[in-house]
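Accompanying notes for the structure given below.
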Amino acid sequence: NNEKATAHQHVNKNDHEYANEYDEVCVRFWHDQLFAKPPNAGGNVAWHQDYSYWTRTKPMQHLTVHIALDQQTPENGAIAYVPESHEWYRTDEITGELLPLPITDLHFIDMDSIFNVLTEEERKKWSINVCQLKPGEAVFHHPLAIHGSYPNRSKKARRAAVLNYFKDGTYSNTDEPLLEGMDVVPKGHKLQTVFNPIVYDPIWKEQETK
(Lines give C-alpha, C1' and ligand atoms only; values in the text may rest on other atoms or scores of the structure.)
Protein backbone atom coordinates (compact mmCIF):
# COMPACT_ATOMS: atom_id res chain seq x y z
CA ASN A 1 0.00 0.00 0.00
CA ASN A 2 2.83 2.40 -0.67
CA GLU A 3 1.73 5.71 -2.11
CA LYS A 4 3.66 8.77 -3.17
CA ALA A 5 3.13 12.26 -1.84
CA THR A 6 4.76 15.58 -2.63
CA ALA A 7 5.45 18.48 -0.31
CA HIS A 8 2.34 20.16 -1.66
CA GLN A 9 0.03 17.37 -0.52
CA HIS A 10 -1.27 17.01 3.02
CA VAL A 11 -0.31 13.69 4.57
CA ASN A 12 -3.23 13.82 7.00
CA LYS A 13 -6.37 15.76 6.17
CA ASN A 14 -6.27 17.68 9.46
CA ASP A 15 -2.53 18.47 9.52
CA HIS A 16 -3.09 21.65 7.51
CA GLU A 17 -5.71 22.88 9.97
CA TYR A 18 -3.54 21.84 12.93
CA ALA A 19 -0.57 23.80 11.55
CA ASN A 20 -2.78 26.80 10.82
CA GLU A 21 -3.73 26.93 14.50
CA TYR A 22 -0.17 28.06 15.11
CA ASP A 23 -1.05 31.36 13.38
CA GLU A 24 -3.18 32.23 16.38
CA VAL A 25 -0.97 31.20 19.31
CA CYS A 26 2.41 31.99 20.80
CA VAL A 27 4.93 29.31 19.77
CA ARG A 28 8.15 28.26 21.48
CA PHE A 29 11.14 26.27 20.24
CA TRP A 30 11.46 22.72 21.57
CA HIS A 31 14.57 21.23 19.94
CA ASP A 32 16.15 20.48 16.57
CA GLN A 33 17.76 17.51 14.89
CA LEU A 34 19.90 16.75 11.86
CA PHE A 35 19.45 13.47 10.01
CA ALA A 36 22.14 12.19 7.68
CA LYS A 37 21.88 9.02 5.62
CA PRO A 38 25.14 8.47 3.72
CA PRO A 39 24.99 6.75 0.31
CA ASN A 40 24.39 3.01 0.60
CA ALA A 41 24.83 3.21 4.36
CA GLY A 42 22.16 5.30 6.06
CA GLY A 43 19.87 3.21 8.24
CA ASN A 44 16.12 3.32 8.71
CA VAL A 45 14.05 5.19 11.29
CA ALA A 46 11.38 2.87 12.65
CA TRP A 47 7.72 3.91 12.57
CA HIS A 48 6.79 6.05 15.56
CA GLN A 49 4.78 8.95 16.93
CA ASP A 50 6.90 11.86 18.17
CA TYR A 51 4.84 12.47 21.27
CA SER A 52 5.59 8.94 22.51
CA TYR A 53 9.04 10.34 23.32
CA TRP A 54 7.81 13.72 24.57
CA THR A 55 5.38 12.82 27.36
CA ARG A 56 7.84 14.53 29.71
CA THR A 57 6.13 17.70 28.47
CA LYS A 58 2.40 18.44 28.68
CA PRO A 59 -0.11 19.02 27.27
CA MET A 60 0.32 17.58 23.79
CA GLN A 61 0.46 20.71 21.63
CA HIS A 62 3.59 20.16 19.57
CA LEU A 63 4.43 20.51 15.89
CA THR A 64 7.31 19.12 13.82
CA VAL A 65 8.81 20.57 10.63
CA HIS A 66 10.93 18.22 8.50
CA ILE A 67 13.06 20.09 5.94
CA ALA A 68 14.76 18.23 3.11
CA LEU A 69 18.38 19.21 2.48
CA ASP A 70 18.73 16.73 -0.40
CA GLN A 71 16.28 15.27 -2.89
CA GLN A 72 14.28 12.58 -1.07
CA THR A 73 13.24 9.45 -2.95
CA PRO A 74 12.07 5.96 -2.01
CA GLU A 75 15.57 4.73 -2.90
CA ASN A 76 17.42 7.03 -0.49
CA GLY A 77 15.05 6.70 2.45
CA ALA A 78 12.56 9.53 2.07
CA ILE A 79 10.40 10.37 5.05
CA ALA A 80 7.06 8.56 4.93
CA TYR A 81 3.78 8.79 6.82
CA VAL A 82 0.81 6.63 7.71
CA PRO A 83 -2.27 8.69 6.70
CA GLU A 84 -4.82 9.46 9.44
CA SER A 85 -2.58 7.93 12.12
CA HIS A 86 -2.70 11.20 14.07
CA GLU A 87 -6.06 9.83 15.27
CA TRP A 88 -4.46 6.68 16.70
CA TYR A 89 -4.06 7.02 20.44
CA ARG A 90 -4.85 5.28 23.71
CA THR A 91 -6.83 6.53 26.71
CA ASP A 92 -5.81 6.28 30.36
CA GLU A 93 -8.46 4.14 32.04
CA ILE A 94 -8.29 6.15 35.27
CA THR A 95 -7.81 9.77 34.19
CA GLY A 96 -9.23 9.60 30.67
CA GLU A 97 -6.07 11.30 29.43
CA LEU A 98 -5.19 10.87 25.77
CA LEU A 99 -1.96 8.88 25.39
CA PRO A 100 0.32 8.23 22.41
CA LEU A 101 1.17 4.72 21.28
CA PRO A 102 3.82 3.02 23.42
CA ILE A 103 7.48 3.24 22.38
CA THR A 104 8.33 0.03 20.54
CA ASP A 105 12.02 0.48 19.69
CA LEU A 106 14.20 3.02 21.47
CA HIS A 107 16.86 2.60 18.79
CA PHE A 108 14.44 3.04 15.85
CA ILE A 109 15.75 -0.10 14.14
CA ASP A 110 12.82 -2.54 13.87
CA MET A 111 10.38 -1.14 11.30
CA ASP A 112 7.78 -3.77 12.16
CA SER A 113 7.86 -3.32 15.94
CA ILE A 114 4.96 -0.85 15.89
CA PHE A 115 2.58 -3.58 14.71
CA ASN A 116 2.89 -5.11 18.18
CA VAL A 117 0.88 -2.22 19.64
CA LEU A 118 -1.66 -1.56 16.87
CA THR A 119 -5.26 -2.67 17.06
CA GLU A 120 -6.73 -4.89 14.38
CA GLU A 121 -8.61 -1.90 12.96
CA GLU A 122 -5.44 0.20 12.81
CA ARG A 123 -3.61 -2.59 11.01
CA LYS A 124 -6.36 -2.76 8.41
CA LYS A 125 -6.10 1.00 7.83
CA TRP A 126 -2.30 0.90 7.50
CA SER A 127 -0.92 2.48 4.33
CA ILE A 128 2.16 4.54 3.55
CA ASN A 129 2.68 7.89 1.85
CA VAL A 130 6.29 8.49 0.79
CA CYS A 131 7.12 12.21 0.59
CA GLN A 132 9.42 12.81 -2.37
CA LEU A 133 10.71 16.17 -1.26
CA LYS A 134 13.03 18.47 -3.18
CA PRO A 135 15.84 20.29 -1.34
CA GLY A 136 14.32 23.11 0.69
CA GLU A 137 10.81 21.63 0.72
CA ALA A 138 9.25 20.74 4.04
CA VAL A 139 6.46 18.76 5.64
CA PHE A 140 4.68 19.69 8.87
CA HIS A 141 3.25 16.97 11.06
CA HIS A 142 1.05 16.37 14.07
CA PRO A 143 2.75 14.88 17.19
CA LEU A 144 0.73 11.67 16.77
CA ALA A 145 1.32 11.24 13.03
CA ILE A 146 3.13 7.94 12.55
CA HIS A 147 6.19 8.40 10.38
CA GLY A 148 9.51 6.76 9.60
CA SER A 149 11.93 6.06 6.78
CA TYR A 150 13.72 3.15 5.17
CA PRO A 151 17.50 2.81 4.62
CA ASN A 152 19.39 4.73 1.96
CA ARG A 153 20.06 2.23 -0.82
CA SER A 154 21.10 4.85 -3.36
CA LYS A 155 24.41 6.43 -4.31
CA LYS A 156 23.29 9.85 -3.07
CA ALA A 157 23.14 11.28 0.44
CA ARG A 158 19.83 11.94 2.16
CA ARG A 159 20.07 14.73 4.75
CA ALA A 160 17.33 16.62 6.57
CA ALA A 161 16.87 19.19 9.31
CA VAL A 162 14.04 18.79 11.80
CA LEU A 163 12.63 21.60 13.94
CA ASN A 164 10.24 20.86 16.79
CA TYR A 165 7.97 23.39 18.45
CA PHE A 166 5.24 23.61 21.09
CA LYS A 167 2.61 26.13 22.05
CA ASP A 168 3.45 28.59 24.78
CA GLY A 169 2.08 27.24 28.05
CA THR A 170 3.54 23.76 27.66
CA TYR A 171 4.95 22.62 31.00
CA SER A 172 7.41 20.08 32.36
CA ASN A 173 6.07 16.70 33.40
CA THR A 174 9.25 15.54 35.11
CA ASP A 175 11.81 16.60 37.68
CA GLU A 176 14.58 15.24 35.46
CA PRO A 177 16.40 17.29 32.78
CA LEU A 178 14.18 17.51 29.70
CA LEU A 179 17.16 17.49 27.35
CA GLU A 180 20.86 16.84 27.82
CA GLY A 181 22.58 20.03 28.94
CA MET A 182 19.31 21.69 29.90
CA ASP A 183 18.64 22.77 33.49
CA VAL A 184 15.82 21.00 35.29
CA VAL A 185 12.41 22.60 34.92
CA PRO A 186 10.41 21.39 37.94
CA LYS A 187 7.35 19.29 37.20
CA GLY A 188 4.34 21.48 36.56
CA HIS A 189 6.42 24.56 35.69
CA LYS A 190 6.04 26.29 32.34
CA LEU A 191 8.78 25.77 29.74
CA GLN A 192 10.24 29.22 29.12
CA THR A 193 13.99 28.71 29.47
CA VAL A 194 16.68 30.18 27.23
CA PHE A 195 16.44 26.89 25.31
CA ASN A 196 12.76 27.53 24.56
CA PRO A 197 12.58 31.02 23.06
CA ILE A 198 9.40 32.40 21.56
CA VAL A 199 9.66 32.01 17.78
CA TYR A 200 6.25 33.38 16.89
CA ASP A 201 3.70 35.53 18.69
CA PRO A 202 0.45 36.59 16.96
CA ILE A 203 0.85 40.02 18.50
CA TRP A 204 3.75 40.56 16.08
CA LYS A 205 1.30 40.32 13.18
CA GLU A 206 -0.98 42.85 14.84
CA GLN A 207 1.94 45.23 15.36
CA GLU A 208 2.88 44.98 11.70
CA THR A 209 -0.57 46.08 10.59
CA LYS A 210 -0.57 49.18 12.79
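Letters A, B, ... go to the chains of the C-alpha coordinates in the order shown; residues in each chain start at 1; ligands are counted from 1 in the same order.
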
Backbone-only DSSP, strand (DSSP E) members of segment 33-196 of chain A, as a count of residues only: 47

For Thr55 of chain A: contacts at 10 Å, only C-alpha atoms, fewer than 4 positions along chain excluded, given as a PyMOL selection string: chain A and resi 50-51+59-60+99-100+172-174

Store the residues picked out above, limited to N, CA and C atoms, as a PDB file, in the first residue's frame.
```pdb
ATOM      1  N   ASP A  50       5.954  11.029  17.417  1.00  0.00           N
ATOM      2  CA  ASP A  50       6.899  11.855  18.169  1.00  0.00           C
ATOM      3  C   ASP A  50       6.511  12.008  19.633  1.00  0.00           C
ATOM      4  N   TYR A  51       5.220  12.179  19.888  1.00  0.00           N
ATOM      5  CA  TYR A  51       4.838  12.471  21.270  1.00  0.00           C
ATOM      6  C   TYR A  51       5.060  11.282  22.210  1.00  0.00           C
ATOM      7  N   PRO A  59       0.665  20.029  27.980  1.00  0.00           N
ATOM      8  CA  PRO A  59      -0.114  19.022  27.267  1.00  0.00           C
ATOM      9  C   PRO A  59       0.460  18.758  25.881  1.00  0.00           C
ATOM     10  N   MET A  60      -0.146  17.864  25.139  1.00  0.00           N
ATOM     11  CA  MET A  60       0.317  17.578  23.789  1.00  0.00           C
ATOM     12  C   MET A  60      -0.151  18.701  22.866  1.00  0.00           C
ATOM     13  N   LEU A  99      -3.344   9.343  25.358  1.00  0.00           N
ATOM     14  CA  LEU A  99      -1.963   8.876  25.393  1.00  0.00           C
ATOM     15  C   LEU A  99      -1.493   8.480  23.998  1.00  0.00           C
ATOM     16  N   PRO A 100      -0.224   8.695  23.690  1.00  0.00           N
ATOM     17  CA  PRO A 100       0.316   8.228  22.411  1.00  0.00           C
ATOM     18  C   PRO A 100       0.520   6.726  22.446  1.00  0.00           C
ATOM     19  N   SER A 172       6.617  21.283  32.100  1.00  0.00           N
ATOM     20  CA  SER A 172       7.412  20.082  32.360  1.00  0.00           C
ATOM     21  C   SER A 172       6.565  19.051  33.098  1.00  0.00           C
ATOM     22  N   ASN A 173       6.763  17.790  32.734  1.00  0.00           N
ATOM     23  CA  ASN A 173       6.071  16.696  33.404  1.00  0.00           C
ATOM     24  C   ASN A 173       7.050  15.782  34.126  1.00  0.00           C
ATOM     25  N   THR A 174       8.220  16.319  34.446  1.00  0.00           N
ATOM     26  CA  THR A 174       9.253  15.539  35.114  1.00  0.00           C
ATOM     27  C   THR A 174      10.153  16.441  35.938  1.00  0.00           C
TER      28      THR A 174
END
```

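With atom CA of Trp47 of chain A on one side and atom CA of Pro135 of chain A on the other, the separation reads 23.0 Å.
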
Nearby residues (only C-alpha atoms) at most 12 Å from Pro38 of chain A, same-chain spacing under 5 positions excluded, as a list in words: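 Here the answer would be Gly43, Asn44, Asp70, Asn76, Gly77, Pro151, Asn152, Arg153, Ser154, Lys155, Lys156, Ala157, Arg158, Arg159 and Ala160 of chain A.
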
Nearby residues (only C-alpha atoms) at most 8 Å from Trp30 of chain A, same-chain spacing under 2 positions excluded, as a PyMOL selection string: chain A and resi 28+32+163-166+195-196

Between atom CA of Ser113 of chain A and atom CA of His48 of chain A, distance in Å (one decimal):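 Pair atom CA of Ser113 of chain A / atom CA of His48 of chain A returns 9.4 Å.
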
Interatomic distance, atom CA of Glu137 of chain A to atom CA of Val25 of chain A (Å, one decimal): 24.0 Å

For segment 179-190 of chain A: contacts at 9 Å, only C-alpha atoms, fewer than 6 positions along chain excluded, given as number ranges by chain: A: 31, 56-58, 168-173

Restrict the selected residues to N, CA, C and O atoms and save them as an mmCIF file, in the first residue's frame.
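Result written to again-v6.cif:
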```
data_model
loop_
_atom_site.group_PDB
_atom_site.id
_atom_site.type_symbol
_atom_site.label_atom_id
_atom_site.label_comp_id
_atom_site.auth_asym_id
_atom_site.auth_seq_id
_atom_site.Cartn_x
_atom_site.Cartn_y
_atom_site.Cartn_z
ATOM 1 N N HIS A 31 13.182 21.631 20.231
ATOM 2 C CA HIS A 31 14.572 21.235 19.937
ATOM 3 C C HIS A 31 14.693 20.935 18.453
ATOM 4 O O HIS A 31 13.687 20.846 17.731
ATOM 5 N N ARG A 56 7.242 13.765 28.617
ATOM 6 C CA ARG A 56 7.835 14.534 29.715
ATOM 7 C C ARG A 56 7.436 16.000 29.642
ATOM 8 O O ARG A 56 7.810 16.810 30.499
ATOM 9 N N THR A 57 6.704 16.362 28.588
ATOM 10 C CA THR A 57 6.132 17.697 28.465
ATOM 11 C C THR A 57 4.623 17.549 28.246
ATOM 12 O O THR A 57 4.176 16.621 27.591
ATOM 13 N N LYS A 58 3.862 18.468 28.811
ATOM 14 C CA LYS A 58 2.404 18.443 28.679
ATOM 15 C C LYS A 58 1.878 19.869 28.562
ATOM 16 O O LYS A 58 2.526 20.814 29.025
ATOM 17 N N ASP A 168 3.126 27.970 23.510
ATOM 18 C CA ASP A 168 3.446 28.593 24.784
ATOM 19 C C ASP A 168 2.445 28.109 25.833
ATOM 20 O O ASP A 168 1.251 28.013 25.563
ATOM 21 N N GLY A 169 2.937 27.776 27.010
ATOM 22 C CA GLY A 169 2.083 27.239 28.055
ATOM 23 C C GLY A 169 2.350 25.772 28.322
ATOM 24 O O GLY A 169 1.886 25.208 29.314
ATOM 25 N N THR A 170 3.132 25.142 27.439
ATOM 26 C CA THR A 170 3.542 23.755 27.663
ATOM 27 C C THR A 170 4.407 23.707 28.921
ATOM 28 O O THR A 170 5.232 24.588 29.156
ATOM 29 N N TYR A 171 4.217 22.694 29.740
ATOM 30 C CA TYR A 171 4.950 22.619 30.999
ATOM 31 C C TYR A 171 5.692 21.293 31.146
ATOM 32 O O TYR A 171 5.432 20.332 30.428
ATOM 33 N N SER A 172 6.617 21.283 32.100
ATOM 34 C CA SER A 172 7.412 20.082 32.360
ATOM 35 C C SER A 172 6.565 19.051 33.098
ATOM 36 O O SER A 172 5.796 19.384 34.002
ATOM 37 N N ASN A 173 6.763 17.790 32.734
ATOM 38 C CA ASN A 173 6.071 16.696 33.404
ATOM 39 C C ASN A 173 7.050 15.782 34.126
ATOM 40 O O ASN A 173 6.769 14.612 34.368
#
```

Test item: residues at most 9 Å from Trp88 of chain A, only C-alpha atoms, excluding those fewer than 6 positions along its chain, as a PyMOL selection string: chain A and resi 100-101+118+122+144-146

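If only C-alpha atoms are the atoms counted, then among A:Leu178, A:Pro39, A:Ser85, A:Thr91 the closest residue to Trp54 of chain A is A:Leu178.
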
All residues 10 Å or closer to segment 105-107 of chain A, only C-alpha atoms, same chain fewer than 3 positions away omitted, as a ChimeraX atom specification: /A:45-48,53,102,110-114

Alpha helix (DSSP H) per DSSP on the backbone: members of segment 67-200 of chain A, as number ranges by chain: A: 120-125

All heavy atoms of the current selection, written as a PDB file, in the first residue's frame:
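Contents of the output file result25.pdb:
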```
ATOM      1  N   GLU A 120      -6.409  -4.238  15.653  1.00  0.00           N
ATOM      2  CA  GLU A 120      -6.726  -4.890  14.383  1.00  0.00           C
ATOM      3  C   GLU A 120      -7.249  -3.870  13.378  1.00  0.00           C
ATOM      4  O   GLU A 120      -6.905  -3.911  12.192  1.00  0.00           O
ATOM      5  CB  GLU A 120      -7.760  -5.987  14.608  1.00  0.00           C
ATOM      6  CG  GLU A 120      -8.108  -6.772  13.348  1.00  0.00           C
ATOM      7  CD  GLU A 120      -9.082  -7.896  13.609  1.00  0.00           C
ATOM      8  OE1 GLU A 120      -9.342  -8.192  14.798  1.00  0.00           O
ATOM      9  OE2 GLU A 120      -9.590  -8.474  12.629  1.00  0.00           O
ATOM     10  N   GLU A 121      -8.068  -2.930  13.852  1.00  0.00           N
ATOM     11  CA  GLU A 121      -8.615  -1.905  12.963  1.00  0.00           C
ATOM     12  C   GLU A 121      -7.508  -1.011  12.411  1.00  0.00           C
ATOM     13  O   GLU A 121      -7.511  -0.655  11.228  1.00  0.00           O
ATOM     14  CB  GLU A 121      -9.635  -1.052  13.714  1.00  0.00           C
ATOM     15  CG  GLU A 121     -10.280   0.019  12.848  1.00  0.00           C
ATOM     16  CD  GLU A 121     -11.291   0.849  13.610  1.00  0.00           C
ATOM     17  OE1 GLU A 121     -11.501   0.589  14.820  1.00  0.00           O
ATOM     18  OE2 GLU A 121     -11.874   1.771  13.003  1.00  0.00           O
ATOM     19  N   GLU A 122      -6.543  -0.643  13.256  1.00  0.00           N
ATOM     20  CA  GLU A 122      -5.436   0.200  12.810  1.00  0.00           C
ATOM     21  C   GLU A 122      -4.575  -0.528  11.776  1.00  0.00           C
ATOM     22  O   GLU A 122      -4.112   0.079  10.810  1.00  0.00           O
ATOM     23  CB  GLU A 122      -4.600   0.638  14.022  1.00  0.00           C
ATOM     24  CG  GLU A 122      -5.324   1.644  14.910  1.00  0.00           C
ATOM     25  CD  GLU A 122      -4.688   1.812  16.281  1.00  0.00           C
ATOM     26  OE1 GLU A 122      -3.831   0.974  16.656  1.00  0.00           O
ATOM     27  OE2 GLU A 122      -5.054   2.767  16.981  1.00  0.00           O
ATOM     28  N   ARG A 123      -4.388  -1.813  11.984  1.00  0.00           N
ATOM     29  CA  ARG A 123      -3.610  -2.587  11.010  1.00  0.00           C
ATOM     30  C   ARG A 123      -4.297  -2.619   9.648  1.00  0.00           C
ATOM     31  O   ARG A 123      -3.647  -2.552   8.607  1.00  0.00           O
ATOM     32  CB  ARG A 123      -3.404  -4.020  11.523  1.00  0.00           C
ATOM     33  CG  ARG A 123      -2.508  -4.124  12.742  1.00  0.00           C
ATOM     34  CD  ARG A 123      -2.222  -5.569  13.072  1.00  0.00           C
ATOM     35  NE  ARG A 123      -1.419  -5.711  14.280  1.00  0.00           N
ATOM     36  CZ  ARG A 123      -0.759  -6.814  14.606  1.00  0.00           C
ATOM     37  NH1 ARG A 123      -0.807  -7.874  13.808  1.00  0.00           N
ATOM     38  NH2 ARG A 123      -0.055  -6.864  15.717  1.00  0.00           N
ATOM     39  N   LYS A 124      -5.616  -2.728   9.662  1.00  0.00           N
ATOM     40  CA  LYS A 124      -6.363  -2.757   8.406  1.00  0.00           C
ATOM     41  C   LYS A 124      -6.260  -1.425   7.670  1.00  0.00           C
ATOM     42  O   LYS A 124      -6.279  -1.387   6.435  1.00  0.00           O
ATOM     43  CB  LYS A 124      -7.829  -3.098   8.680  1.00  0.00           C
ATOM     44  CG  LYS A 124      -8.067  -4.539   9.114  1.00  0.00           C
ATOM     45  CD  LYS A 124      -9.540  -4.783   9.377  1.00  0.00           C
ATOM     46  CE  LYS A 124      -9.792  -6.232   9.805  1.00  0.00           C
ATOM     47  NZ  LYS A 124     -11.231  -6.460  10.108  1.00  0.00           N
ATOM     48  N   LYS A 125      -6.164  -0.329   8.429  1.00  0.00           N
ATOM     49  CA  LYS A 125      -6.099   0.997   7.825  1.00  0.00           C
ATOM     50  C   LYS A 125      -4.687   1.371   7.383  1.00  0.00           C
ATOM     51  O   LYS A 125      -4.493   2.391   6.729  1.00  0.00           O
ATOM     52  CB  LYS A 125      -6.597   2.045   8.827  1.00  0.00           C
ATOM     53  CG  LYS A 125      -8.086   1.968   9.125  1.00  0.00           C
ATOM     54  CD  LYS A 125      -8.493   3.058  10.099  1.00  0.00           C
ATOM     55  CE  LYS A 125      -9.979   3.048  10.373  1.00  0.00           C
ATOM     56  NZ  LYS A 125     -10.363   4.113  11.350  1.00  0.00           N
TER      57      LYS A 125
END
```

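Proximity of A:Lys167, A:Asp175, A:Tyr150, A:Ser52 to Ile198 of chain A, computed with only C-alpha atoms, is greatest for A:Lys167.
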